[in-house]
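query-v4.tsv, holding TSV, C-alpha atoms:
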```tsv
chain	number	residue	atom	x	y	z
A	1	MET	CA	-19.77	-4.98	-46.80
A	2	LYS	CA	-17.30	-6.97	-48.89
A	3	ASN	CA	-18.81	-10.18	-47.51
A	4	ILE	CA	-22.23	-9.08	-48.81
A	5	PHE	CA	-20.80	-8.46	-52.27
A	6	TYR	CA	-19.11	-11.83	-52.21
A	7	ILE	CA	-22.31	-13.62	-51.19
A	8	LEU	CA	-24.37	-11.78	-53.82
A	9	SER	CA	-21.83	-12.66	-56.52
A	10	LEU	CA	-21.94	-16.31	-55.56
A	11	SER	CA	-25.73	-16.16	-55.56
A	12	LEU	CA	-25.76	-14.74	-59.11
A	13	LEU	CA	-23.37	-17.41	-60.27
A	14	PHE	CA	-25.48	-20.08	-58.63
A	15	LEU	CA	-28.59	-18.71	-60.36
A	16	SER	CA	-26.75	-18.64	-63.67
A	17	VAL	CA	-25.70	-22.25	-63.33
A	18	SER	CA	-29.11	-23.37	-62.10
A	19	CYS	CA	-30.76	-21.69	-65.08
A	20	GLY	CA	-28.89	-23.89	-67.47
A	21	GLU	CA	-25.59	-22.05	-68.11
A	22	PRO	CA	-23.43	-24.34	-70.21
A	23	LYS	CA	-20.64	-25.91	-68.25
A	24	LYS	CA	-18.12	-24.57	-70.71
A	25	ASN	CA	-18.88	-20.99	-69.52
A	26	SER	CA	-18.94	-21.84	-65.78
A	27	THR	CA	-16.12	-20.66	-63.51
A	28	GLU	CA	-15.21	-24.27	-62.78
A	29	ALA	CA	-14.88	-25.12	-66.45
A	30	ILE	CA	-12.84	-22.01	-67.19
A	31	LEU	CA	-10.47	-22.74	-64.34
A	32	GLU	CA	-10.03	-26.28	-65.61
A	33	SER	CA	-9.20	-24.96	-69.09
A	34	ASN	CA	-6.04	-23.27	-67.77
A	35	ASP	CA	-6.58	-20.60	-70.45
A	36	LEU	CA	-5.29	-17.27	-69.08
A	37	GLU	CA	-7.30	-15.18	-71.54
A	38	LYS	CA	-10.59	-16.89	-70.64
A	39	ILE	CA	-9.84	-16.70	-66.91
A	40	GLN	CA	-9.09	-12.97	-67.15
A	41	GLN	CA	-12.24	-12.40	-69.19
A	42	LYS	CA	-14.36	-14.26	-66.62
A	43	ARG	CA	-12.84	-12.26	-63.77
A	44	ASP	CA	-13.65	-8.98	-65.56
A	45	GLU	CA	-17.27	-10.08	-66.04
A	46	LEU	CA	-17.63	-10.88	-62.32
A	47	THR	CA	-16.00	-7.58	-61.36
A	48	ASN	CA	-18.44	-5.63	-63.50
A	49	GLU	CA	-21.32	-7.51	-61.91
A	50	MET	CA	-19.98	-6.67	-58.42
A	51	VAL	CA	-19.70	-2.95	-59.28
A	52	ALA	CA	-23.28	-3.00	-60.45
A	53	ILE	CA	-24.38	-4.70	-57.21
A	54	GLU	CA	-22.49	-2.13	-55.10
A	55	SER	CA	-24.26	0.67	-56.93
A	56	ASP	CA	-27.63	-0.94	-56.29
A	57	ILE	CA	-26.83	-1.36	-52.57
A	58	ARG	CA	-25.85	2.31	-52.27
A	59	GLN	CA	-29.11	3.36	-53.82
A	60	LEU	CA	-30.99	1.09	-51.43
A	61	ASP	CA	-29.12	2.53	-48.42
A	62	GLU	CA	-29.90	6.07	-49.49
A	63	LYS	CA	-33.57	5.23	-49.85
A	64	ILE	CA	-33.62	3.57	-46.42
A	65	LYS	CA	-31.97	6.63	-44.89
A	66	GLU	CA	-34.54	8.84	-46.62
A	67	ILE	CA	-37.44	6.77	-45.34
A	68	ASN	CA	-35.91	6.11	-41.85
A	69	PRO	CA	-33.36	8.88	-41.06
A	70	GLU	CA	-32.76	7.58	-37.53
A	71	LYS	CA	-31.38	4.26	-38.65
A	72	ASN	CA	-27.74	5.42	-38.60
A	73	ILE	CA	-27.96	7.69	-35.55
A	74	PRO	CA	-25.73	6.20	-32.83
A	75	LEU	CA	-27.35	5.34	-29.51
A	76	ILE	CA	-25.58	6.65	-26.40
A	77	THR	CA	-26.05	7.10	-22.69
A	78	SER	CA	-24.99	10.22	-20.83
A	79	TYR	CA	-24.87	11.56	-17.30
A	80	GLU	CA	-24.51	14.99	-15.73
A	81	VAL	CA	-21.16	15.60	-14.04
A	82	LYS	CA	-21.18	17.15	-10.57
A	83	SER	CA	-18.39	18.22	-8.25
A	84	GLU	CA	-17.67	15.83	-5.40
A	85	GLU	CA	-14.98	15.12	-2.84
A	86	PHE	CA	-12.14	13.05	-4.26
A	87	ASN	CA	-9.62	11.23	-2.09
A	88	HIS	CA	-6.59	9.62	-3.67
A	89	TYR	CA	-4.81	6.84	-1.81
A	90	LEU	CA	-1.25	5.58	-2.06
A	91	GLU	CA	-1.30	1.80	-1.62
A	92	LEU	CA	1.65	0.22	0.18
A	93	GLN	CA	2.51	-2.81	2.27
A	94	GLY	CA	3.98	-2.75	5.75
A	95	SER	CA	4.75	-4.84	8.81
A	96	VAL	CA	3.52	-4.43	12.37
A	97	GLU	CA	6.24	-3.64	14.89
A	98	THR	CA	6.55	-2.52	18.49
A	99	LYS	CA	9.32	-0.78	20.36
A	100	LYS	CA	8.38	-2.85	23.41
A	101	ASN	CA	9.34	-6.28	22.12
A	102	VAL	CA	12.62	-7.36	23.69
A	103	VAL	CA	14.55	-10.50	24.48
A	104	LEU	CA	16.14	-10.20	27.92
A	105	ASN	CA	19.63	-11.70	28.03
A	106	ALA	CA	21.84	-12.76	30.93
A	107	GLU	CA	24.17	-10.00	32.12
A	108	MET	CA	26.47	-12.26	34.13
A	109	ALA	CA	27.75	-15.81	33.93
A	110	GLY	CA	26.29	-18.49	36.16
A	111	VAL	CA	23.47	-20.95	36.61
A	112	LEU	CA	19.91	-19.76	36.02
A	113	GLU	CA	18.74	-20.31	39.55
A	114	ARG	CA	15.08	-19.30	39.33
A	115	VAL	CA	12.45	-18.12	36.84
A	116	TYR	CA	9.64	-16.39	38.72
A	117	VAL	CA	7.17	-15.96	35.84
A	118	SER	CA	5.40	-18.16	33.29
A	119	GLU	CA	4.53	-17.70	29.61
A	120	GLY	CA	1.48	-15.49	29.08
A	121	GLN	CA	1.84	-13.80	32.47
A	122	ASN	CA	1.39	-10.03	32.69
A	123	VAL	CA	4.17	-8.28	34.60
A	124	SER	CA	4.83	-4.73	35.78
A	125	LYS	CA	7.81	-2.52	35.13
A	126	GLY	CA	10.62	-3.34	37.59
A	127	GLN	CA	9.16	-6.71	38.58
A	128	THR	CA	11.71	-9.49	39.16
A	129	LEU	CA	11.48	-12.08	36.38
A	130	ALA	CA	14.45	-14.41	36.97
A	131	LYS	CA	17.59	-14.81	39.06
A	132	ILE	CA	21.07	-16.09	38.23
A	133	ASP	CA	23.30	-17.69	40.88
A	134	ASP	CA	25.65	-14.88	41.96
A	135	GLY	CA	28.57	-17.21	42.72
A	136	GLY	CA	29.11	-15.88	46.26
A	137	LEU	CA	28.92	-12.18	45.40
A	138	SER	CA	26.21	-11.59	48.01
A	139	GLN	CA	28.54	-12.92	50.78
A	140	GLN	CA	31.32	-10.70	49.53
A	141	LEU	CA	28.95	-7.76	49.62
A	142	ALA	CA	28.02	-8.53	53.22
A	143	GLN	CA	31.70	-8.53	54.22
A	144	MET	CA	32.33	-5.30	52.35
A	145	GLU	CA	29.37	-3.64	54.05
A	146	THR	CA	30.84	-4.66	57.46
A	147	GLN	CA	34.12	-3.10	56.46
A	148	LEU	CA	32.23	-0.04	55.28
A	149	ASP	CA	30.60	0.35	58.69
A	150	LEU	CA	34.02	0.21	60.34
A	151	ALA	CA	35.48	2.70	57.90
A	152	LYS	CA	32.54	5.03	58.47
A	153	THR	CA	32.90	4.88	62.27
A	154	THR	CA	36.63	5.53	62.05
A	155	PHE	CA	36.11	8.45	59.70
A	156	GLU	CA	33.41	10.04	61.88
A	157	ARG	CA	35.60	9.81	65.01
A	158	GLN	CA	38.62	11.15	63.21
A	159	LYS	CA	36.51	14.02	61.86
A	160	ARG	CA	35.32	14.98	65.37
A	161	LEU	CA	38.90	15.01	66.61
A	162	TRP	CA	40.05	17.06	63.65
A	163	ASP	CA	37.23	19.52	64.20
A	164	GLN	CA	38.61	19.97	67.75
A	165	GLN	CA	42.12	20.43	66.35
A	166	ILE	CA	43.17	17.08	67.86
A	167	GLY	CA	45.33	14.69	65.88
A	168	SER	CA	47.07	15.18	62.57
A	169	GLU	CA	45.50	16.21	59.25
A	170	MET	CA	47.05	13.14	57.63
A	171	GLN	CA	45.13	10.80	59.94
A	172	TYR	CA	41.88	12.61	59.08
A	173	LEU	CA	42.50	12.50	55.33
A	174	GLN	CA	43.50	8.84	55.49
A	175	ALA	CA	40.28	7.91	57.34
A	176	LYS	CA	38.21	9.92	54.86
A	177	SER	CA	39.88	8.32	51.85
A	178	ASN	CA	39.45	4.83	53.29
A	179	TYR	CA	35.75	5.47	53.92
A	180	GLU	CA	35.03	6.91	50.47
A	181	GLY	CA	36.93	4.08	48.78
A	182	GLN	CA	34.88	1.54	50.72
A	183	VAL	CA	31.64	3.28	49.72
A	184	ASN	CA	32.62	3.06	46.03
A	185	ALA	CA	33.59	-0.59	46.38
A	186	VAL	CA	30.23	-1.47	47.97
A	187	ASN	CA	28.32	0.40	45.27
A	188	GLN	CA	30.29	-1.37	42.57
A	189	MET	CA	29.59	-4.74	44.16
A	190	LYS	CA	25.88	-3.93	44.42
A	191	SER	CA	25.84	-3.00	40.71
A	192	GLN	CA	27.56	-6.27	39.84
A	193	LEU	CA	25.19	-8.24	42.06
A	194	ALA	CA	22.15	-6.53	40.47
A	195	LYS	CA	23.07	-8.19	37.17
A	196	SER	CA	22.14	-11.52	38.70
A	197	VAL	CA	18.51	-10.37	38.90
A	198	ILE	CA	16.53	-9.91	35.66
A	199	THR	CA	13.74	-7.35	35.97
A	200	ALA	CA	11.06	-6.12	33.55
A	201	PRO	CA	12.16	-2.92	31.73
A	202	PHE	CA	8.48	-2.14	31.01
A	203	SER	CA	5.03	-3.52	31.73
A	204	GLY	CA	3.94	-6.25	29.35
A	205	GLU	CA	3.38	-9.94	28.79
A	206	VAL	CA	5.92	-12.75	29.02
A	207	ASP	CA	5.71	-14.17	25.52
A	208	ASP	CA	8.33	-16.92	25.72
A	209	ILE	CA	10.55	-18.55	28.34
A	210	ILE	CA	13.63	-19.28	26.26
A	211	THR	CA	16.02	-20.74	28.88
A	212	GLU	CA	14.81	-23.03	31.65
A	213	GLU	CA	16.00	-23.12	35.26
A	214	GLY	CA	19.27	-24.95	35.90
A	215	ASN	CA	20.96	-23.98	32.64
A	216	VAL	CA	24.33	-22.26	32.61
A	217	VAL	CA	24.09	-18.80	31.05
A	218	SER	CA	26.65	-16.37	29.64
A	219	PRO	CA	26.47	-12.56	29.64
A	220	GLY	CA	25.12	-11.11	26.38
A	221	GLN	CA	24.88	-14.55	24.74
A	222	THR	CA	22.12	-16.47	26.52
A	223	PRO	CA	18.53	-15.23	25.99
A	224	ILE	CA	16.36	-15.78	29.04
A	225	LEU	CA	12.85	-14.70	27.99
A	226	ARG	CA	10.89	-12.46	25.62
A	227	LEU	CA	8.75	-9.61	26.93
A	228	VAL	CA	6.12	-7.95	24.69
A	229	ASN	CA	3.76	-5.02	25.16
A	230	LEU	CA	0.95	-4.82	22.58
A	231	ASN	CA	-0.24	-1.35	23.61
A	232	ASP	CA	2.40	0.62	21.71
A	233	MET	CA	2.15	-0.87	18.22
A	234	TYR	CA	2.94	0.72	14.87
A	235	ILE	CA	3.35	-0.25	11.22
A	236	LYS	CA	6.60	0.52	9.43
A	237	THR	CA	6.60	0.96	5.66
A	238	ASP	CA	8.82	2.32	2.87
A	239	VAL	CA	7.36	5.27	0.94
A	240	PRO	CA	8.69	6.29	-2.52
A	241	GLU	CA	10.52	9.62	-2.40
A	242	SER	CA	8.10	11.14	-4.93
A	243	TYR	CA	5.48	11.23	-2.16
A	244	ILE	CA	7.69	13.03	0.38
A	245	SER	CA	5.47	16.15	0.36
A	246	ASP	CA	2.20	14.18	0.28
A	247	VAL	CA	2.75	11.56	2.99
A	248	THR	CA	3.17	13.61	6.16
A	249	GLU	CA	2.42	13.30	9.85
A	250	GLY	CA	-1.33	13.22	10.58
A	251	LYS	CA	-2.45	11.94	7.15
A	252	ASN	CA	-5.38	9.51	7.24
A	253	VAL	CA	-4.57	5.85	6.62
A	254	GLN	CA	-6.78	2.83	6.00
A	255	VAL	CA	-5.06	-0.31	7.30
A	256	THR	CA	-6.18	-3.80	6.29
A	257	PHE	CA	-4.89	-6.99	7.91
A	258	PRO	CA	-5.58	-9.79	5.36
A	259	VAL	CA	-4.99	-12.57	7.89
A	260	LEU	CA	-7.49	-11.10	10.37
A	261	GLY	CA	-9.95	-9.87	7.75
A	262	GLU	CA	-10.00	-6.57	9.64
A	263	THR	CA	-9.72	-2.93	8.52
A	264	VAL	CA	-9.01	0.02	10.81
A	265	GLU	CA	-8.79	3.78	10.29
A	266	THR	CA	-5.68	5.46	11.70
A	267	LYS	CA	-3.08	8.16	10.93
A	268	VAL	CA	0.56	8.61	9.97
A	269	LYS	CA	2.48	8.79	13.26
A	270	GLN	CA	5.90	9.80	11.96
A	271	THR	CA	7.87	10.12	8.72
A	272	GLY	CA	11.61	9.71	8.32
A	273	ASN	CA	14.05	12.41	7.27
A	274	TYR	CA	16.47	10.06	5.49
A	275	ILE	CA	16.02	8.78	1.92
A	276	ASN	CA	17.53	5.37	1.32
A	277	PRO	CA	19.82	5.74	-1.75
A	278	ASN	CA	19.39	2.06	-2.65
A	279	ASN	CA	15.62	2.09	-3.24
A	280	ARG	CA	14.84	5.86	-3.06
A	281	THR	CA	12.35	5.50	-0.21
A	282	PHE	CA	11.86	6.98	3.25
A	283	LYS	CA	10.41	5.37	6.38
A	284	ALA	CA	6.93	6.07	7.72
A	285	GLU	CA	5.30	4.85	10.93
A	286	ILE	CA	1.54	4.30	11.13
A	287	GLU	CA	-0.36	4.18	14.40
A	288	VAL	CA	-2.12	0.89	15.19
A	289	PRO	CA	-5.08	0.88	17.60
A	290	ASN	CA	-5.05	-2.54	19.25
A	291	GLN	CA	-7.86	-2.67	21.77
A	292	LYS	CA	-8.62	-6.35	21.10
A	293	LYS	CA	-4.93	-7.36	21.33
A	294	ASP	CA	-5.29	-9.45	18.15
A	295	ILE	CA	-2.67	-7.48	16.18
A	296	LYS	CA	0.75	-9.03	16.70
A	297	PRO	CA	4.31	-7.95	15.83
A	298	ASN	CA	5.45	-8.83	12.27
A	299	LEU	CA	1.85	-9.11	11.04
A	300	THR	CA	1.53	-8.07	7.37
A	301	ALA	CA	-0.64	-5.03	6.66
A	302	ARG	CA	-1.93	-3.33	3.51
A	303	LEU	CA	-1.95	0.46	3.69
A	304	LYS	CA	-4.00	3.05	1.83
A	305	ILE	CA	-2.54	6.45	2.70
A	306	ASN	CA	-4.62	9.51	1.79
A	307	ASP	CA	-1.98	11.52	-0.09
A	308	TYR	CA	-4.33	13.86	-1.99
A	309	THR	CA	-7.81	15.35	-1.46
A	310	ASN	CA	-9.90	17.59	-3.75
A	311	GLU	CA	-13.19	18.69	-2.22
A	312	ASN	CA	-14.63	19.89	-5.57
A	313	ALA	CA	-13.40	17.34	-8.08
A	314	ILE	CA	-15.06	16.28	-11.32
A	315	LEU	CA	-14.67	12.55	-11.92
A	316	VAL	CA	-15.40	10.46	-15.02
A	317	PRO	CA	-14.84	6.78	-15.91
A	318	GLN	CA	-11.36	6.18	-17.31
A	319	ASN	CA	-12.68	4.12	-20.24
A	320	ILE	CA	-14.38	7.12	-21.92
A	321	VAL	CA	-11.17	9.17	-22.12
A	322	SER	CA	-9.30	8.95	-25.45
A	323	GLU	CA	-6.13	10.48	-26.85
A	324	ASN	CA	-5.63	12.14	-30.24
A	325	ALA	CA	-2.60	12.18	-32.51
A	326	GLU	CA	-1.19	15.27	-30.76
A	327	GLY	CA	-1.23	13.47	-27.43
A	328	GLU	CA	-4.20	15.49	-26.12
A	329	GLN	CA	-6.81	13.73	-24.05
A	330	TYR	CA	-10.45	14.19	-24.93
A	331	LEU	CA	-13.98	12.92	-24.37
A	332	PHE	CA	-17.41	13.68	-25.78
A	333	VAL	CA	-20.27	15.64	-24.29
A	334	VAL	CA	-23.75	15.97	-25.72
A	335	GLU	CA	-25.24	19.42	-26.32
A	336	ASN	CA	-28.53	20.89	-27.57
A	337	ILE	CA	-30.58	18.00	-26.22
A	338	ASN	CA	-34.14	18.03	-27.55
A	339	GLU	CA	-36.63	15.16	-27.42
A	340	GLY	CA	-33.95	12.59	-26.71
A	341	LYS	CA	-31.53	13.76	-29.38
A	342	GLY	CA	-28.45	15.94	-29.21
A	343	THR	CA	-25.16	16.84	-30.80
A	344	ALA	CA	-21.85	15.22	-29.86
A	345	LYS	CA	-19.04	17.64	-29.06
A	346	GLN	CA	-15.41	16.70	-28.55
A	347	VAL	CA	-13.86	18.34	-25.47
A	348	ILE	CA	-10.11	18.52	-24.84
A	349	ILE	CA	-9.45	17.83	-21.16
A	350	GLU	CA	-6.62	17.81	-18.65
A	351	THR	CA	-6.62	14.91	-16.22
A	352	GLY	CA	-5.27	14.49	-12.70
A	353	LYS	CA	-5.04	11.50	-10.41
A	354	THR	CA	-6.88	8.21	-10.78
A	355	GLN	CA	-8.51	6.01	-8.17
A	356	GLY	CA	-10.05	2.69	-9.16
A	357	ASP	CA	-11.95	3.20	-12.46
A	358	LYS	CA	-12.36	6.96	-11.96
A	359	ILE	CA	-10.10	9.76	-13.19
A	360	GLU	CA	-10.02	13.38	-12.05
A	361	ILE	CA	-10.72	16.08	-14.65
A	362	LEU	CA	-8.75	19.26	-13.92
A	363	LYS	CA	-9.74	21.26	-17.02
A	364	GLY	CA	-12.32	20.96	-19.80
A	365	LEU	CA	-15.49	20.05	-17.87
A	366	GLU	CA	-17.81	21.99	-15.60
A	367	ASP	CA	-20.71	21.14	-13.33
A	368	GLY	CA	-23.78	20.29	-15.38
A	369	ASP	CA	-22.00	19.06	-18.53
A	370	MET	CA	-23.62	15.96	-20.04
A	371	VAL	CA	-20.83	13.46	-20.67
A	372	ILE	CA	-21.34	10.63	-23.15
A	373	GLN	CA	-20.63	7.30	-21.44
A	374	GLU	CA	-21.85	4.25	-23.35
A	375	GLY	CA	-21.15	4.72	-27.05
A	376	ALA	CA	-18.42	7.31	-26.43
A	377	ARG	CA	-15.96	5.42	-28.62
A	378	SER	CA	-18.26	5.34	-31.66
A	379	VAL	CA	-19.42	8.96	-31.97
A	380	LYS	CA	-17.82	11.76	-33.97
A	381	GLU	CA	-17.58	15.55	-33.59
A	382	GLY	CA	-20.85	17.26	-34.52
A	383	GLN	CA	-22.73	13.99	-35.00
A	384	THR	CA	-26.37	13.69	-34.04
A	385	VAL	CA	-26.84	11.15	-31.27
A	386	LYS	CA	-29.85	9.60	-29.56
A	387	LEU	CA	-29.96	9.24	-25.79
A	388	ILE	CA	-31.17	5.87	-24.56
A	389	ASN	CA	-31.53	7.10	-20.98
A	390	TYR	CA	-33.41	10.32	-21.88
```

When written as structure tokens, how does the structure in this file appear?
Amino acid sequence: MKNIFYILSLSLLFLSVSCGEPKKNSTEAILESNDLEKIQQKRDELTNEMVAIESDIRQLDEKIKEINPEKNIPLITSYEVKSEEFNHYLELQGSVETKKNVVLNAEMAGVLERVYVSEGQNVSKGQTLAKIDDGGLSQQLAQMETQLDLAKTTFERQKRLWDQQIGSEMQYLQAKSNYEGQVNAVNQMKSQLAKSVITAPFSGEVDDIITEEGNVVSPGQTPILRLVNLNDMYIKTDVPESYISDVTEGKNVQVTFPVLGETVETKVKQTGNYINPNNRTFKAEIEVPNQKKDIKPNLTARLKINDYTNENAILVPQNIVSENAEGEQYLFVVENINEGKGTAKQVIIETGKTQGDKIEILKGLEDGDMVIQEGARSVKEGQTVKLINY
């Protein structure tokens, strides 16, 4: 409005000059005179002219409003709110893991004599994968088994004699002790010899042959191969402690793998009972269906965990909710709608969770209320409004 006054004032001055106003009375001439009294007088004249123009404009506005009363009625759009199911999701990031992803190491020192499998080969639980040179342990075992046979025969004969009360008890006990000691020695040697053979602890796929045949290996230090099973996959993620009662076993989860461009629906498999004091989170495991075998360990995943559901929620766009000086949230509804016009009413509301651009209304609105959407920021309490979408 001030710009209009300024333009009108300049227009009047221009008209005055164009009509032959002497230069000595023009604003330019007065400014050049550097006479404070004349400058002040000229300013007062212009101010009086502006006041007169403002008065004329007000009269014109009133007449326009009288002739066209709808000119200043704000235009709005509204929609009827209805209860609907609302699902809130906690968005997290996790990593794919599997409990069946192991590197098999040598359990005894020696030369890696033979690798029986190749990379990418499927193997069964208990299948022999590789063999380490036993350094003569198998020959020692054969000798010990021969000695065991002798000790067993001696013990059995001595037992028969003792059962017939023939011979001394000491001879019987000595034969028994010798036999049992030999049995333990053979079993110990077999256990030691078994470490020279590397077998599959579970069924899976040989992912990597790490050490080739002919290399010297050391127990617990030399990795031989990696075995992976992609059937028992899960995603591990850290959940903030504030969601400990919301993220529970069986909750629905939407998992997206950005690299694969794939989204799957699954559930929370397990939640941890320990809260990490460093970041105030607890662990959660998410099931991963992997029928196509394209999901691999350590793959990054985005998680949307359904932590809250309201089957009869009222939702409105977040951008129509405002806050007053008392910190109360409010929005406007339109009432008494008649022939495309209605009355704006301010409603104090209580909000809940948000999802995307929607916010849940817990109190203040009911089914059937007409909420003002477009134009909500420009209306006032009790104001007449016109519905564009009526």

Atomic separation - atom CA of Leu362 of chain A relative to atom CA of Ile337 of chain A, Å
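These atoms are spaced 25.1 Å apart.
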
Enter the distance from atom CA of Gly368 of chain A to atom CA of Val385 of chain A, in Å, rounded to one decimal.
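Taking atom CA of Gly368 of chain A as the start and atom CA of Val385 of chain A as the end point, the length is 18.6 Å.
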
Would you kindly return, as number ranges by chain, each protein, DNA or RNA residue with an atom no farther than 6 Å from any atom of Ile305 of chain A, considering all atoms listed in the file and excluding same-chain residues fewer than 5 positions away?
A: 89-90, 253

Rank nothing, just name the residue among A:Glu49, A:Glu335, A:Asp246, A:Glu213 nearest to Tyr116 of chain A, using only C-alpha atoms.
A:Glu213

Among the residues A:Gly220, A:Pro277, A:Pro297, A:Gly181, the one that comes closest to Lys236 of chain A [using only C-alpha atoms]
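Going through A:Gly220, A:Pro277, A:Pro297, A:Gly181 one by one, the smallest distance to Lys236 of chain A is for A:Pro297.
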
Using only C-alpha atoms, which of the listed residues (A:Thr128, A:Asn306, A:Thr237, A:Leu315) sits closest to Glu97 of chain A?
A:Thr237

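Each of A:Lys283, A:Lys296, A:Lys131, A:Lys363 was checked against Val117 of chain A using all atoms listed in the file; the smallest atom-to-atom distance is that of A:Lys131.
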
Restricting the calculation to only C-alpha atoms, which member of A:Gln140, A:Asn229, A:Gln121, A:Gln93 is positioned closest to Lys293 of chain A?
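Among A:Gln140, A:Asn229, A:Gln121, A:Gln93, it is A:Asn229 that comes nearest to Lys293 of chain A.
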
Excluding Asn338 of chain A and any residue of its chain fewer than 3 positions from it, enumerate the residues within 10 Å of it, using only C-alpha atoms, and give them as number ranges by chain.
A: 335, 341-343, 386-387, 390

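If you measure from each of A:Ser196, A:Ala344, A:Ser83, A:Pro74 to Gln383 of chain A using all atoms listed in the file, the closest one turns out to be A:Ala344.
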
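Taking atom CA of Tyr308 of chain A and atom CA of Glu360 of chain A as the two end points, the separation is 11.6 Å.
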
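The neighbours of Phe282 of chain A here are the residues that come within 8 Å of it, using all atoms listed in the file and leaving out any residue fewer than 2 positions away in the same chain; they are Asp238, Val239, Pro240, Glu241, Ile244, Thr271, Gly272, Asn273, Tyr274, Ile275, Asn276, Arg280 and Ala284 of chain A.
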
Could you pull out every residue with an atom within 9 Å of (19.2, -12.1, 27.8), file coordinates, counting all atoms listed in the file, and send them as a ChimeraX atom specification?
/A:103-107,198,217-226

If we count only C-alpha atoms and set the cut-off at 8 Å, which residues sit around Leu193 of chain A, ignoring sequence neighbours fewer than 5 positions away in its own chain? Please answer as JSON, numbers by chain.
{"A": [134, 137, 138]}

Neighbour list for Ile314 of chain A as a PDB file with C-alpha atoms, in the frame of the given file, cut-off 10 Å, only C-alpha atoms, skip fewer than 2 positions in-chain:
```pdb
ATOM      1  CA  VAL A  81     -21.160  15.600 -14.040  1.00  0.00           C
ATOM      2  CA  LYS A  82     -21.180  17.150 -10.570  1.00  0.00           C
ATOM      3  CA  SER A  83     -18.390  18.220  -8.250  1.00  0.00           C
ATOM      4  CA  GLU A  84     -17.670  15.830  -5.400  1.00  0.00           C
ATOM      5  CA  GLU A  85     -14.980  15.120  -2.840  1.00  0.00           C
ATOM      6  CA  PHE A  86     -12.140  13.050  -4.260  1.00  0.00           C
ATOM      7  CA  ASN A 310      -9.900  17.590  -3.750  1.00  0.00           C
ATOM      8  CA  GLU A 311     -13.190  18.690  -2.220  1.00  0.00           C
ATOM      9  CA  ASN A 312     -14.630  19.890  -5.570  1.00  0.00           C
ATOM     10  CA  VAL A 316     -15.400  10.460 -15.020  1.00  0.00           C
ATOM     11  CA  THR A 351      -6.620  14.910 -16.220  1.00  0.00           C
ATOM     12  CA  LYS A 358     -12.360   6.960 -11.960  1.00  0.00           C
ATOM     13  CA  ILE A 359     -10.100   9.760 -13.190  1.00  0.00           C
ATOM     14  CA  GLU A 360     -10.020  13.380 -12.050  1.00  0.00           C
ATOM     15  CA  ILE A 361     -10.720  16.080 -14.650  1.00  0.00           C
ATOM     16  CA  LEU A 362      -8.750  19.260 -13.920  1.00  0.00           C
ATOM     17  CA  LYS A 363      -9.740  21.260 -17.020  1.00  0.00           C
ATOM     18  CA  LEU A 365     -15.490  20.050 -17.870  1.00  0.00           C
ATOM     19  CA  GLU A 366     -17.810  21.990 -15.600  1.00  0.00           C
ATOM     20  CA  ASP A 367     -20.710  21.140 -13.330  1.00  0.00           C
TER      21      ASP A 367
END
```

Residues proximal to (-5.3, -7.9, 14.5) were defined as those with any atom within 10 Å of that point in the file's coordinates, counting only C-alpha atoms. Which are they, as a PyMOL selection string?
chain A and resi 96+256-264+288-297+299-301

Model the absent atoms of segment 299-308 of chain A so that N, CA and C atoms are present, and write the result as a PDB file, in the frame of the given file.
```
ATOM      1  N   LEU A 299       3.039  -8.841  11.840  1.00  0.00           N
ATOM      2  CA  LEU A 299       1.850  -9.110  11.040  1.00  0.00           C
ATOM      3  C   LEU A 299       1.871  -8.236   9.792  1.00  0.00           C
ATOM      4  N   THR A 300       1.542  -8.823   8.630  1.00  0.00           N
ATOM      5  CA  THR A 300       1.530  -8.070   7.370  1.00  0.00           C
ATOM      6  C   THR A 300       0.289  -7.195   7.287  1.00  0.00           C
ATOM      7  N   ALA A 301       0.468  -5.971   6.789  1.00  0.00           N
ATOM      8  CA  ALA A 301      -0.640  -5.030   6.660  1.00  0.00           C
ATOM      9  C   ALA A 301      -0.613  -4.350   5.296  1.00  0.00           C
ATOM     10  N   ARG A 302      -1.792  -4.096   4.751  1.00  0.00           N
ATOM     11  CA  ARG A 302      -1.930  -3.330   3.510  1.00  0.00           C
ATOM     12  C   ARG A 302      -2.386  -1.917   3.872  1.00  0.00           C
ATOM     13  N   LEU A 303      -1.702  -0.926   3.319  1.00  0.00           N
ATOM     14  CA  LEU A 303      -1.950   0.460   3.690  1.00  0.00           C
ATOM     15  C   LEU A 303      -2.499   1.254   2.512  1.00  0.00           C
ATOM     16  N   LYS A 304      -3.496   2.092   2.799  1.00  0.00           N
ATOM     17  CA  LYS A 304      -4.000   3.050   1.830  1.00  0.00           C
ATOM     18  C   LYS A 304      -3.884   4.422   2.490  1.00  0.00           C
ATOM     19  N   ILE A 305      -2.830   5.159   2.083  1.00  0.00           N
ATOM     20  CA  ILE A 305      -2.540   6.450   2.700  1.00  0.00           C
ATOM     21  C   ILE A 305      -3.161   7.566   1.859  1.00  0.00           C
ATOM     22  N   ASN A 306      -3.980   8.387   2.482  1.00  0.00           N
ATOM     23  CA  ASN A 306      -4.620   9.510   1.790  1.00  0.00           C
ATOM     24  C   ASN A 306      -3.575  10.592   1.503  1.00  0.00           C
ATOM     25  N   ASP A 307      -3.034  10.570   0.276  1.00  0.00           N
ATOM     26  CA  ASP A 307      -1.980  11.520  -0.090  1.00  0.00           C
ATOM     27  C   ASP A 307      -2.501  12.732  -0.850  1.00  0.00           C
ATOM     28  N   TYR A 308      -3.797  12.741  -1.205  1.00  0.00           N
ATOM     29  CA  TYR A 308      -4.330  13.860  -1.990  1.00  0.00           C
ATOM     30  C   TYR A 308      -5.843  13.927  -1.801  1.00  0.00           C
TER      31      TYR A 308
END
```
